[in-house]
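First comes the structure, then the notes that go with it.
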Amino acid sequence: MATPTPLSRLFTVVLTGVLAGLVLAVAALPGNLLLGFAAKAALGNYAALPDALRTPATPQRSYLYANDGTTLITTFYDVNRTDVALAEIAPVMRQAIVAAEDRRFYDHGGVDLRGMMRAVVSNVTEGSGQGGSTLTMQYVRNVLKTDPNRTAAERAAATEPTIGRKLQEIRYANALEQRLGKDEILNRYLNIAYFGSGAYGVAAASQRYFSKAPADLSLAEAALLAGLVQSPEAYSPIDGDADAALERRGYVLDSMVETGAITAEQAAEARAEKLTLDPSEQANGCAATAGGRDDEWGFFCDYLRRWWVAQPEFGDTVQEREQALRRGGYTVVTTLDPQIQATAQRQATGIYGYDNPRAVPIAAVEPGTGRVLAMAVNRHYSLDGNPDGQVNYPNTVNPLISGGAGVAGYQAGSTFKLFTMLAALESGRTLSTGFDAPSRLPTRYAADGEGSCDGRWCPANANPEWMDGYRMMWDGFGRSVNTYFVWLAEQVGPEKVVEMAQRLGITFRAESDADFAENDAADWGAFTLGVAATTPLDLANAYATVAAEGTYCAPLPVVSVTAPDGERLPVGDPDCREVLDADVARAATDAARCPVGQQSAFGQCNGGTATAVNRILDGRPVAGKTGSSDQAATESFVGYTPQVAVAGIAANPDDPTDHVGAAVQARVIDAVARIIATAVEGEPEQSFTPPTRELVGTPRRPVDRDPPTDPRRTDADPLSDLRRWFQNRTRG
């Protein structure tokens with residue numbers, strides 16, 4: 001605190017003198033009259049108190065924990081403080097603050113006549129600038145100057161050097177003392193006082209200076225903290241003058257002796273202790289997570305923040321919801337699983353490093369709840385700048401995993417064939433629906449240019465030798481046969497395929513995709529080949545819906561949100577609904593066993609594009625699908641068990657023309673499978689329920705139990721000109 005100027009000293013002398021005179025005049029009134037007047041005034045004043053004084057709404061930081069409820073991810077705050085009960089504060093801390101700031105706290109009624117007279121004498125003789133404020137009066141001032149519901153001008157007025165303001169403090173303090181016990185006032189004061197170095201309240205101060213809870217403070221530590229309140233920035237041993245802090249500590253210890261809180265011997269012993277700090281920075285926001293794990297937790301944290309500001313429970317506007325997160329004192333247990341997240345981050349960065357322009361965003365979702373278990377990508381979650389020409393790496397805060405804020409996503413190729421299969425099954429077709437898939441398939445969609453057939457779009461299979469021939473849904477999906485699924489989409493109608501994808505949570509963030517879905521879905525023949533942009537989170541959640549036998553749950557980043565008063569808000573409850581008949585979902589899963597090298601319940605798998613998954617999971621029931629966009633621009637894989645669904649997409653978020661190449665698909669498959677393995681480790685093995693015979697139909701033939709794997713590319717889509725034409729053309 002700066003040395004008081006002659007003008008401020010003069011004001012304080014006059015102010016305290018006037019106030020002391022007023023109090024003495026009131027004290028001279030006849031006893032009964034005084035008591036009656038005081039009681040009436042106090043009752044009236046309390047009813048007129050600002051809400052913040054009657055029901056404290058002081059800003060507190062919110063805590064974000066992982067799904068174990070103990071691993072701290074980060075905190076959010078404008079003001080670094082957390083309320084604690086008086087029982088959670090060491091007795092020596094309570095005694096120290098009383099001795100330092102208001103020795104007669106337990107004897108006065110909110111206004112201390114002796115203290116005011118002592119301040120007058122001190123100001124006149126020593127020029128000390130004391131104001132004679134009690135703890136209760138200081139509490140009033142602290143509340144009013146930090147009340148988030150007041151305007152900036154109103155908060156500033158709470159510290160103005162005016163007689164009117166001081167009289168208001170006296171009136172408010174007297175009203176509080178008539179209604180609240182001394183311990184309640186002391187507790188409130190200790191939770192709002194500023195201790196310097198950004199720490200508001202004793203809990204934040206204990207952590208900031210000593211990395212411990214306030215219940216564990218020693219006598220020397222308590223005396224040091226109590227001494228900071230008078231001039232927090234000047235005395236702070238971190239940001240201010242450590243010698244001044246020690247001198248002030250000595251003053252507090254002497255005062256504690258005078259109040260009888262400690263003995264002279266205890267004071268001498270504490271005074272002899274060296275200043276030993278164990279400072280800790282309090283994480284604040286997603287770019288400053290606990291333990292410096294911004295890269296591992298930052299993107300999930302950011303997803304939670306974006307989700308939070310969309311929830312009306314936290315305010316009517318985005319600004320109010322942001323303020324609730326930063327000032328509301330919530331305890332948030334998130335859905336983030338630290339082990340799954342650690343594996344996902346390790347796998348993502350194992351494919352591409354942080355400095356690689358290509359990225360592998362990965363998301364993991366729990367079927368049946370929509371809880372987001374992990375979000376990883378090989379980027380630093382950071383506001384730091386990037387070298388010239390590197391728009392989005394190695395640092396970014398863009399939502400590469402979830403999409404939004406200008407991120408539309410990435411083409412996921414043949415993973416979209418799932419939506420065609422579901423639409424066909426829902427329309428009454430069976431898994432045995434057969435078609436003699438040719439190498440190229442002339443369709444009804446008009447097209448020209450390379451790859452067209454007589455003016456019609458003519459998609460091709462990537463590996464005719466391995467893909468062509470009579471196919472049913474099992475081996476058509478297992479071998480990722482383009483012509484089979486384009487034909488199947490024609491049979492049920494592309495618009496139904498598009499609607500199915502939307503029903504399972506695929507959001508069209510690219511304007512061209514949204515336009516096609518709304519106006520030209522019936523002619524969007526290439527949709528089944530995954531030409532629309534999506535994100536790993538949308539894709540994982542869509543497949544999780546199938547894993548949950550048709551129950552769609554909106555992606556959810558929280559398990560619980562608890563307010564400071566202990567009330568648990570309902571926002572952590574899963575938002576689920578049935579969007580598919582359970583038997584349809586089971587049938588799709590039966591076919592989705594084929595790509596990963598497992599066998600359907602009816603023995604119809606005879607080839608897969610991701611058979612390594614079965615080996616990594618050691619035969620545990622799993623399903624999934626690979627995807628490759630045109631010319632291997634992106635490579636994807638989605639895998640799921642009844643307990644978890646994981647999706648990863650290799651792409652260049654800044655340059656779609658930078659094709660990642662087919663070779664990376666095997667690494668994406670391996671990464672997703674290992675994340676699934678971490679998620680199910682130690683969990684009981686769960687099997688998929690086979691579909692009824694009604695959706696199976698009549699299989700054409702039995703197949704080998706050990707399906708072959710094509711050693712070459714199995715699901716590339718060599719349709720560059722036509723694919724781009726279907727995606728980007730304008731109507732009319």
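Residue names in the structure tokens use chain letters A, B, ... in the order shown, residue numbers from 1 in each chain, and ligand numbers from 1 in the order shown.
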Just the alpha helix (DSSP H) stuff from range 382-517 of chain A, please, per backbone DSSP, written as a PDB file with N, CA and C atoms, in the first residue's frame.
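Full text of result-v5.pdb as output:
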ATOM      1  N   LYS A 417     -20.697 -45.538 -45.228  1.00  0.00           N
ATOM      2  CA  LYS A 417     -21.481 -46.672 -45.735  1.00  0.00           C
ATOM      3  C   LYS A 417     -22.380 -47.266 -44.656  1.00  0.00           C
ATOM      4  N   LEU A 418     -22.024 -47.024 -43.398  1.00  0.00           N
ATOM      5  CA  LEU A 418     -22.869 -47.484 -42.296  1.00  0.00           C
ATOM      6  C   LEU A 418     -24.269 -46.899 -42.422  1.00  0.00           C
ATOM      7  N   PHE A 419     -24.380 -45.634 -42.799  1.00  0.00           N
ATOM      8  CA  PHE A 419     -25.681 -44.983 -42.857  1.00  0.00           C
ATOM      9  C   PHE A 419     -26.535 -45.552 -43.982  1.00  0.00           C
ATOM     10  N   THR A 420     -25.886 -45.941 -45.072  1.00  0.00           N
ATOM     11  CA  THR A 420     -26.612 -46.592 -46.163  1.00  0.00           C
ATOM     12  C   THR A 420     -27.133 -47.951 -45.718  1.00  0.00           C
ATOM     13  N   MET A 421     -26.288 -48.708 -45.022  1.00  0.00           N
ATOM     14  CA  MET A 421     -26.706 -50.027 -44.548  1.00  0.00           C
ATOM     15  C   MET A 421     -27.871 -49.902 -43.573  1.00  0.00           C
ATOM     16  N   LEU A 422     -27.813 -48.940 -42.660  1.00  0.00           N
ATOM     17  CA  LEU A 422     -28.903 -48.753 -41.699  1.00  0.00           C
ATOM     18  C   LEU A 422     -30.199 -48.358 -42.397  1.00  0.00           C
ATOM     19  N   ALA A 423     -30.103 -47.442 -43.370  1.00  0.00           N
ATOM     20  CA  ALA A 423     -31.297 -47.021 -44.089  1.00  0.00           C
ATOM     21  C   ALA A 423     -31.918 -48.194 -44.845  1.00  0.00           C
ATOM     22  N   ALA A 424     -31.068 -49.042 -45.421  1.00  0.00           N
ATOM     23  CA  ALA A 424     -31.574 -50.206 -46.153  1.00  0.00           C
ATOM     24  C   ALA A 424     -32.239 -51.199 -45.208  1.00  0.00           C
ATOM     25  N   LEU A 425     -31.613 -51.471 -44.079  1.00  0.00           N
ATOM     26  CA  LEU A 425     -32.196 -52.397 -43.109  1.00  0.00           C
ATOM     27  C   LEU A 425     -33.517 -51.860 -42.572  1.00  0.00           C
ATOM     28  N   GLU A 426     -33.569 -50.564 -42.321  1.00  0.00           N
ATOM     29  CA  GLU A 426     -34.791 -49.961 -41.793  1.00  0.00           C
ATOM     30  C   GLU A 426     -35.919 -50.019 -42.819  1.00  0.00           C
ATOM     31  N   PRO A 464     -10.761 -54.132 -57.902  1.00  0.00           N
ATOM     32  CA  PRO A 464     -11.783 -54.990 -58.510  1.00  0.00           C
ATOM     33  C   PRO A 464     -11.580 -56.475 -58.231  1.00  0.00           C
ATOM     34  N   GLU A 465     -10.338 -56.925 -58.289  1.00  0.00           N
ATOM     35  CA  GLU A 465     -10.084 -58.359 -58.105  1.00  0.00           C
ATOM     36  C   GLU A 465     -10.592 -58.845 -56.760  1.00  0.00           C
ATOM     37  N   TRP A 466     -10.509 -57.998 -55.736  1.00  0.00           N
ATOM     38  CA  TRP A 466     -10.886 -58.400 -54.372  1.00  0.00           C
ATOM     39  C   TRP A 466     -12.307 -57.985 -54.020  1.00  0.00           C
ATOM     40  N   MET A 467     -12.831 -57.012 -54.741  1.00  0.00           N
ATOM     41  CA  MET A 467     -14.127 -56.447 -54.368  1.00  0.00           C
ATOM     42  C   MET A 467     -15.271 -56.863 -55.282  1.00  0.00           C
ATOM     43  N   MET A 473     -24.593 -57.555 -47.589  1.00  0.00           N
ATOM     44  CA  MET A 473     -24.172 -56.474 -46.693  1.00  0.00           C
ATOM     45  C   MET A 473     -22.934 -56.854 -45.890  1.00  0.00           C
ATOM     46  N   TRP A 474     -22.820 -58.120 -45.506  1.00  0.00           N
ATOM     47  CA  TRP A 474     -21.668 -58.520 -44.691  1.00  0.00           C
ATOM     48  C   TRP A 474     -20.349 -58.267 -45.427  1.00  0.00           C
ATOM     49  N   ASP A 475     -20.194 -58.932 -46.585  1.00  0.00           N
ATOM     50  CA  ASP A 475     -18.910 -58.787 -47.270  1.00  0.00           C
ATOM     51  C   ASP A 475     -18.817 -57.496 -48.075  1.00  0.00           C
ATOM     52  N   GLY A 476     -19.957 -56.902 -48.433  1.00  0.00           N
ATOM     53  CA  GLY A 476     -19.906 -55.591 -49.052  1.00  0.00           C
ATOM     54  C   GLY A 476     -19.332 -54.562 -48.079  1.00  0.00           C
ATOM     55  N   PHE A 477     -19.724 -54.660 -46.811  1.00  0.00           N
ATOM     56  CA  PHE A 477     -19.206 -53.755 -45.786  1.00  0.00           C
ATOM     57  C   PHE A 477     -17.783 -54.150 -45.392  1.00  0.00           C
ATOM     58  N   GLY A 478     -17.550 -55.454 -45.244  1.00  0.00           N
ATOM     59  CA  GLY A 478     -16.232 -55.925 -44.833  1.00  0.00           C
ATOM     60  C   GLY A 478     -15.149 -55.568 -45.831  1.00  0.00           C
ATOM     61  N   ASN A 482     -17.448 -50.244 -53.089  1.00  0.00           N
ATOM     62  CA  ASN A 482     -18.116 -48.997 -53.458  1.00  0.00           C
ATOM     63  C   ASN A 482     -19.368 -49.227 -54.295  1.00  0.00           C
ATOM     64  N   THR A 483     -19.239 -50.036 -55.339  1.00  0.00           N
ATOM     65  CA  THR A 483     -20.363 -50.186 -56.264  1.00  0.00           C
ATOM     66  C   THR A 483     -21.552 -50.863 -55.592  1.00  0.00           C
ATOM     67  N   TYR A 484     -21.306 -51.742 -54.629  1.00  0.00           N
ATOM     68  CA  TYR A 484     -22.408 -52.368 -53.891  1.00  0.00           C
ATOM     69  C   TYR A 484     -23.180 -51.298 -53.113  1.00  0.00           C
ATOM     70  N   PHE A 485     -22.465 -50.417 -52.420  1.00  0.00           N
ATOM     71  CA  PHE A 485     -23.153 -49.447 -51.561  1.00  0.00           C
ATOM     72  C   PHE A 485     -23.760 -48.297 -52.354  1.00  0.00           C
ATOM     73  N   VAL A 486     -23.172 -47.923 -53.482  1.00  0.00           N
ATOM     74  CA  VAL A 486     -23.821 -46.921 -54.325  1.00  0.00           C
ATOM     75  C   VAL A 486     -25.126 -47.492 -54.882  1.00  0.00           C
ATOM     76  N   TRP A 487     -25.077 -48.761 -55.295  1.00  0.00           N
ATOM     77  CA  TRP A 487     -26.296 -49.432 -55.760  1.00  0.00           C
ATOM     78  C   TRP A 487     -27.342 -49.504 -54.650  1.00  0.00           C
ATOM     79  N   LEU A 488     -26.907 -49.873 -53.432  1.00  0.00           N
ATOM     80  CA  LEU A 488     -27.833 -50.007 -52.314  1.00  0.00           C
ATOM     81  C   LEU A 488     -28.463 -48.660 -51.973  1.00  0.00           C
ATOM     82  N   ALA A 489     -27.672 -47.586 -52.014  1.00  0.00           N
ATOM     83  CA  ALA A 489     -28.210 -46.250 -51.740  1.00  0.00           C
ATOM     84  C   ALA A 489     -29.246 -45.855 -52.786  1.00  0.00           C
ATOM     85  N   GLU A 490     -29.016 -46.255 -54.056  1.00  0.00           N
ATOM     86  CA  GLU A 490     -29.999 -45.982 -55.100  1.00  0.00           C
ATOM     87  C   GLU A 490     -31.319 -46.695 -54.806  1.00  0.00           C
ATOM     88  N   GLN A 491     -31.222 -47.904 -54.258  1.00  0.00           N
ATOM     89  CA  GLN A 491     -32.432 -48.687 -53.995  1.00  0.00           C
ATOM     90  C   GLN A 491     -33.291 -48.056 -52.907  1.00  0.00           C
ATOM     91  N   VAL A 492     -32.665 -47.532 -51.861  1.00  0.00           N
ATOM     92  CA  VAL A 492     -33.442 -46.974 -50.738  1.00  0.00           C
ATOM     93  C   VAL A 492     -33.664 -45.471 -50.878  1.00  0.00           C
ATOM     94  N   PRO A 494     -31.012 -41.895 -51.763  1.00  0.00           N
ATOM     95  CA  PRO A 494     -29.945 -41.188 -51.045  1.00  0.00           C
ATOM     96  C   PRO A 494     -30.467 -40.263 -49.948  1.00  0.00           C
ATOM     97  N   GLU A 495     -31.676 -39.715 -50.155  1.00  0.00           N
ATOM     98  CA  GLU A 495     -32.212 -38.809 -49.139  1.00  0.00           C
ATOM     99  C   GLU A 495     -32.433 -39.524 -47.807  1.00  0.00           C
ATOM    100  N   LYS A 496     -32.760 -40.824 -47.879  1.00  0.00           N
ATOM    101  CA  LYS A 496     -32.937 -41.584 -46.647  1.00  0.00           C
ATOM    102  C   LYS A 496     -31.596 -41.859 -45.972  1.00  0.00           C
ATOM    103  N   VAL A 497     -30.559 -41.999 -46.777  1.00  0.00           N
ATOM    104  CA  VAL A 497     -29.214 -42.184 -46.233  1.00  0.00           C
ATOM    105  C   VAL A 497     -28.756 -40.915 -45.530  1.00  0.00           C
ATOM    106  N   VAL A 498     -28.991 -39.787 -46.174  1.00  0.00           N
ATOM    107  CA  VAL A 498     -28.617 -38.505 -45.570  1.00  0.00           C
ATOM    108  C   VAL A 498     -29.387 -38.296 -44.271  1.00  0.00           C
ATOM    109  N   GLU A 499     -30.678 -38.571 -44.294  1.00  0.00           N
ATOM    110  CA  GLU A 499     -31.502 -38.409 -43.093  1.00  0.00           C
ATOM    111  C   GLU A 499     -31.030 -39.316 -41.973  1.00  0.00           C
ATOM    112  N   MET A 500     -30.602 -40.523 -42.321  1.00  0.00           N
ATOM    113  CA  MET A 500     -30.104 -41.461 -41.312  1.00  0.00           C
ATOM    114  C   MET A 500     -28.850 -40.901 -40.643  1.00  0.00           C
ATOM    115  N   ALA A 501     -27.942 -40.359 -41.436  1.00  0.00           N
ATOM    116  CA  ALA A 501     -26.723 -39.780 -40.869  1.00  0.00           C
ATOM    117  C   ALA A 501     -27.057 -38.642 -39.912  1.00  0.00           C
ATOM    118  N   GLN A 502     -27.994 -37.784 -40.319  1.00  0.00           N
ATOM    119  CA  GLN A 502     -28.383 -36.679 -39.449  1.00  0.00           C
ATOM    120  C   GLN A 502     -29.051 -37.186 -38.173  1.00  0.00           C
ATOM    121  N   ARG A 503     -29.830 -38.229 -38.309  1.00  0.00           N
ATOM    122  CA  ARG A 503     -30.507 -38.800 -37.144  1.00  0.00           C
ATOM    123  C   ARG A 503     -29.502 -39.310 -36.111  1.00  0.00           C
ATOM    124  N   GLU A 511     -20.979 -25.300 -45.700  1.00  0.00           N
ATOM    125  CA  GLU A 511     -22.163 -24.722 -46.334  1.00  0.00           C
ATOM    126  C   GLU A 511     -22.638 -25.557 -47.515  1.00  0.00           C
ATOM    127  N   SER A 512     -21.691 -26.067 -48.315  1.00  0.00           N
ATOM    128  CA  SER A 512     -22.084 -26.857 -49.481  1.00  0.00           C
ATOM    129  C   SER A 512     -22.764 -28.153 -49.066  1.00  0.00           C
ATOM    130  N   ASP A 513     -22.270 -28.770 -47.979  1.00  0.00           N
ATOM    131  CA  ASP A 513     -22.895 -30.005 -47.495  1.00  0.00           C
ATOM    132  C   ASP A 513     -24.296 -29.736 -46.965  1.00  0.00           C
ATOM    133  N   ALA A 514     -24.441 -28.665 -46.188  1.00  0.00           N
ATOM    134  CA  ALA A 514     -25.746 -28.329 -45.633  1.00  0.00           C
ATOM    135  C   ALA A 514     -26.747 -28.038 -46.746  1.00  0.00           C
ATOM    136  N   ASP A 515     -26.278 -27.372 -47.818  1.00  0.00           N
ATOM    137  CA  ASP A 515     -27.154 -27.058 -48.944  1.00  0.00           C
ATOM    138  C   ASP A 515     -27.605 -28.329 -49.654  1.00  0.00           C
ATOM    139  N   PHE A 516     -26.668 -29.264 -49.881  1.00  0.00           N
ATOM    140  CA  PHE A 516     -27.026 -30.533 -50.517  1.00  0.00           C
ATOM    141  C   PHE A 516     -28.036 -31.290 -49.674  1.00  0.00           C
ATOM    142  N   ALA A 517     -27.786 -31.360 -48.346  1.00  0.00           N
ATOM    143  CA  ALA A 517     -28.656 -32.125 -47.464  1.00  0.00           C
ATOM    144  C   ALA A 517     -30.073 -31.564 -47.460  1.00  0.00           C
TER     145      ALA A 517
END
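Within range 421-531 of chain A, the backbone-based DSSP assignment of strand (DSSP E or B) covers A:Phe435, A:Asp436, A:Ala437, A:Arg440, A:Ala446, A:Ser452, A:Cys453, A:Arg456, A:Trp457, A:Ala460, A:Gly469, A:Tyr470, A:Arg471.
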Near Val309 in chain A, within 12 Å and counting only C-alpha atoms, which residues show up once chain neighbours fewer than 3 positions away are dropped, as a CSV table (one decimal) with all heavy atoms, in the first residue's frame?
chain,number,residue,atom,x,y,z
A,302,ASP,N,-11.7,-27.1,-23.7
A,302,ASP,CA,-12.3,-26.1,-24.6
A,302,ASP,C,-13.7,-26.6,-25.1
A,302,ASP,O,-14.6,-25.8,-25.2
A,302,ASP,CB,-11.4,-25.8,-25.8
A,302,ASP,CG,-12.0,-24.7,-26.7
A,302,ASP,OD1,-12.0,-23.6,-26.4
A,302,ASP,OD2,-12.4,-25.1,-27.9
A,303,TYR,N,-13.8,-27.9,-25.4
A,303,TYR,CA,-15.1,-28.4,-25.8
A,303,TYR,C,-16.1,-28.2,-24.7
A,303,TYR,O,-17.3,-27.9,-24.9
A,303,TYR,CB,-15.0,-29.9,-26.1
A,303,TYR,CG,-16.3,-30.6,-26.5
A,303,TYR,CD1,-17.0,-30.2,-27.6
A,303,TYR,CD2,-16.8,-31.5,-25.6
A,303,TYR,CE1,-18.2,-30.8,-27.9
A,303,TYR,CE2,-18.0,-32.1,-25.9
A,303,TYR,CZ,-18.7,-31.8,-27.0
A,303,TYR,OH,-19.9,-32.3,-27.3
A,304,LEU,N,-15.7,-28.5,-23.4
A,304,LEU,CA,-16.6,-28.3,-22.3
A,304,LEU,C,-17.0,-26.8,-22.2
A,304,LEU,O,-18.2,-26.5,-21.9
A,304,LEU,CB,-15.9,-28.8,-21.0
A,304,LEU,CG,-16.8,-28.6,-19.7
A,304,LEU,CD1,-16.6,-29.8,-18.8
A,304,LEU,CD2,-16.5,-27.3,-19.0
A,305,ARG,N,-16.0,-25.9,-22.3
A,305,ARG,CA,-16.4,-24.5,-22.2
A,305,ARG,C,-17.4,-24.1,-23.3
A,305,ARG,O,-18.4,-23.4,-23.1
A,305,ARG,CB,-15.1,-23.6,-22.4
A,305,ARG,CG,-15.4,-22.2,-22.1
A,305,ARG,CD,-14.2,-21.3,-22.5
A,305,ARG,NE,-13.9,-21.4,-23.9
A,305,ARG,CZ,-14.5,-20.8,-24.9
A,305,ARG,NH1,-15.5,-20.0,-24.6
A,305,ARG,NH2,-14.2,-20.9,-26.2
A,306,ARG,N,-17.2,-24.6,-24.5
A,306,ARG,CA,-18.2,-24.3,-25.6
A,306,ARG,C,-19.6,-24.9,-25.3
A,306,ARG,O,-20.6,-24.3,-25.6
A,306,ARG,CB,-17.7,-24.8,-26.9
A,306,ARG,CG,-16.4,-24.1,-27.4
A,306,ARG,CD,-15.8,-24.8,-28.7
A,306,ARG,NE,-14.6,-24.2,-29.0
A,306,ARG,CZ,-14.4,-23.2,-29.8
A,306,ARG,NH1,-15.4,-22.6,-30.3
A,306,ARG,NH2,-13.2,-22.7,-30.1
A,312,PRO,N,-28.7,-23.0,-21.2
A,312,PRO,CA,-29.5,-21.9,-20.6
A,312,PRO,C,-29.5,-22.0,-19.1
A,312,PRO,O,-29.9,-20.9,-18.5
A,312,PRO,CB,-30.9,-22.1,-21.2
A,312,PRO,CG,-30.9,-23.6,-21.7
A,312,PRO,CD,-29.5,-23.9,-22.0
A,313,GLU,N,-29.2,-23.1,-18.5
A,313,GLU,CA,-29.2,-23.2,-17.0
A,313,GLU,C,-28.2,-22.2,-16.4
A,313,GLU,O,-28.4,-21.8,-15.2
A,313,GLU,CB,-28.9,-24.6,-16.6
A,313,GLU,CG,-30.0,-25.6,-16.8
A,313,GLU,CD,-30.0,-26.2,-18.2
A,313,GLU,OE1,-29.1,-25.7,-19.0
A,313,GLU,OE2,-30.8,-27.1,-18.5
A,314,PHE,N,-27.2,-21.8,-17.1
A,314,PHE,CA,-26.2,-20.9,-16.6
A,314,PHE,C,-26.4,-19.4,-16.9
A,314,PHE,O,-25.5,-18.7,-16.6
A,314,PHE,CB,-24.8,-21.4,-17.0
A,314,PHE,CG,-24.5,-22.8,-16.6
A,314,PHE,CD1,-24.3,-23.8,-17.6
A,314,PHE,CD2,-24.5,-23.2,-15.3
A,314,PHE,CE1,-24.1,-25.1,-17.3
A,314,PHE,CE2,-24.2,-24.5,-15.0
A,314,PHE,CZ,-24.0,-25.5,-15.9
A,315,GLY,N,-27.5,-19.1,-17.5
A,315,GLY,CA,-27.7,-17.7,-17.8
A,315,GLY,C,-28.4,-17.5,-19.1
A,315,GLY,O,-28.5,-18.4,-20.0
A,316,ASP,N,-29.0,-16.3,-19.3
A,316,ASP,CA,-29.8,-16.1,-20.5
A,316,ASP,C,-28.9,-15.8,-21.8
A,316,ASP,O,-29.4,-15.9,-22.9
A,316,ASP,CB,-30.7,-14.9,-20.3
A,316,ASP,CG,-31.8,-15.2,-19.2
A,316,ASP,OD1,-32.1,-16.4,-19.1
A,316,ASP,OD2,-32.2,-14.3,-18.5
A,317,THR,N,-27.7,-15.3,-21.5
A,317,THR,CA,-26.8,-14.9,-22.6
A,317,THR,C,-25.5,-15.7,-22.5
A,317,THR,O,-25.1,-16.2,-21.4
A,317,THR,CB,-26.5,-13.4,-22.7
A,317,THR,OG1,-25.8,-13.1,-21.5
A,317,THR,CG2,-27.9,-12.6,-22.7
A,318,VAL,N,-24.7,-15.7,-23.6
A,318,VAL,CA,-23.4,-16.3,-23.6
A,318,VAL,C,-22.5,-15.6,-22.6
A,318,VAL,O,-21.8,-16.3,-21.8
A,318,VAL,CB,-22.8,-16.3,-25.0
A,318,VAL,CG1,-21.3,-16.7,-24.9
A,318,VAL,CG2,-23.5,-17.2,-25.9
A,319,GLN,N,-22.6,-14.3,-22.5
A,319,GLN,CA,-21.8,-13.5,-21.5
A,319,GLN,C,-22.1,-13.9,-20.1
A,319,GLN,O,-21.2,-14.1,-19.3
A,319,GLN,CB,-22.0,-12.0,-21.7
A,319,GLN,CG,-21.1,-11.2,-20.8
A,319,GLN,CD,-21.3,-9.7,-21.1
A,319,GLN,OE1,-22.2,-9.3,-21.8
A,319,GLN,NE2,-20.5,-8.9,-20.5
A,320,GLU,N,-23.4,-14.1,-19.8
A,320,GLU,CA,-23.8,-14.5,-18.4
A,320,GLU,C,-23.3,-15.9,-18.1
A,320,GLU,O,-22.9,-16.2,-17.0
A,320,GLU,CB,-25.3,-14.4,-18.3
A,320,GLU,CG,-25.9,-13.0,-18.2
A,320,GLU,CD,-27.4,-13.0,-18.2
A,320,GLU,OE1,-28.0,-14.1,-18.2
A,320,GLU,OE2,-28.0,-11.9,-18.1
A,321,ARG,N,-23.3,-16.8,-19.1
A,321,ARG,CA,-22.9,-18.2,-18.9
A,321,ARG,C,-21.4,-18.2,-18.7
A,321,ARG,O,-20.9,-19.0,-17.9
A,321,ARG,CB,-23.3,-19.0,-20.0
A,321,ARG,CG,-24.8,-19.1,-20.2
A,321,ARG,CD,-25.3,-19.6,-21.5
A,321,ARG,NE,-26.7,-19.4,-21.8
A,321,ARG,CZ,-27.3,-19.5,-22.9
A,321,ARG,NH1,-26.6,-19.7,-24.0
A,321,ARG,NH2,-28.6,-19.3,-23.0
A,322,GLU,N,-20.7,-17.4,-19.5
A,322,GLU,CA,-19.2,-17.3,-19.3
A,322,GLU,C,-18.9,-16.8,-17.9
A,322,GLU,O,-18.0,-17.3,-17.2
A,322,GLU,CB,-18.6,-16.4,-20.3
A,322,GLU,CG,-18.5,-16.9,-21.7
A,322,GLU,CD,-17.2,-17.6,-21.9
A,322,GLU,OE1,-16.5,-18.0,-20.9
A,322,GLU,OE2,-16.8,-17.9,-23.1
A,323,GLN,N,-19.6,-15.8,-17.4
A,323,GLN,CA,-19.4,-15.3,-16.1
A,323,GLN,C,-19.7,-16.3,-15.0
A,323,GLN,O,-19.0,-16.4,-14.0
A,323,GLN,CB,-20.3,-14.0,-15.9
A,323,GLN,CG,-20.0,-13.3,-14.6
A,323,GLN,CD,-20.8,-12.0,-14.5
A,323,GLN,OE1,-22.0,-12.1,-14.2
A,323,GLN,NE2,-20.2,-10.9,-14.7
A,324,ALA,N,-20.8,-17.1,-15.2
A,324,ALA,CA,-21.1,-18.1,-14.3
A,324,ALA,C,-20.0,-19.1,-14.1
A,324,ALA,O,-19.7,-19.6,-13.0
A,324,ALA,CB,-22.4,-18.9,-14.7
A,325,LEU,N,-19.3,-19.5,-15.2
A,325,LEU,CA,-18.2,-20.4,-15.2
A,325,LEU,C,-17.0,-19.8,-14.4
A,325,LEU,O,-16.4,-20.5,-13.6
A,325,LEU,CB,-17.8,-20.9,-16.6
A,325,LEU,CG,-16.7,-21.9,-16.7
A,325,LEU,CD1,-17.0,-23.2,-16.0
A,325,LEU,CD2,-16.3,-22.1,-18.1
A,326,ARG,N,-16.8,-18.6,-14.7
A,326,ARG,CA,-15.6,-17.9,-14.1
A,326,ARG,C,-15.8,-17.4,-12.7
A,326,ARG,O,-14.8,-17.1,-12.0
A,326,ARG,CB,-15.1,-16.8,-15.0
A,326,ARG,CG,-14.8,-17.3,-16.5
A,326,ARG,CD,-14.1,-16.2,-17.2
A,326,ARG,NE,-12.7,-16.0,-16.7
A,326,ARG,CZ,-11.7,-16.8,-17.1
A,326,ARG,NH1,-11.8,-17.8,-18.0
A,326,ARG,NH2,-10.5,-16.6,-16.6
| request: Find the residues near range 101-105 of chain A: any atom within 10 Å, counting only C-alpha atoms, skip ones fewer than 6 places away on the same chain, and give them as an NGL selection string. | output: :A and (95 or 111-112 or 114-115 or 132-136 or 138 or 182 or 186 or 226-227 or 229-230 or 252 or 255-256 or 258-259)
| Residues near range 285-290 of chain A, cut-off 12 Å, only C-alpha atoms, skip fewer than 5 positions along chain, as number ranges by chain | A: 61-66, 71-78, 80, 280, 295-306, 322, 325-326, 380-384, 395-397
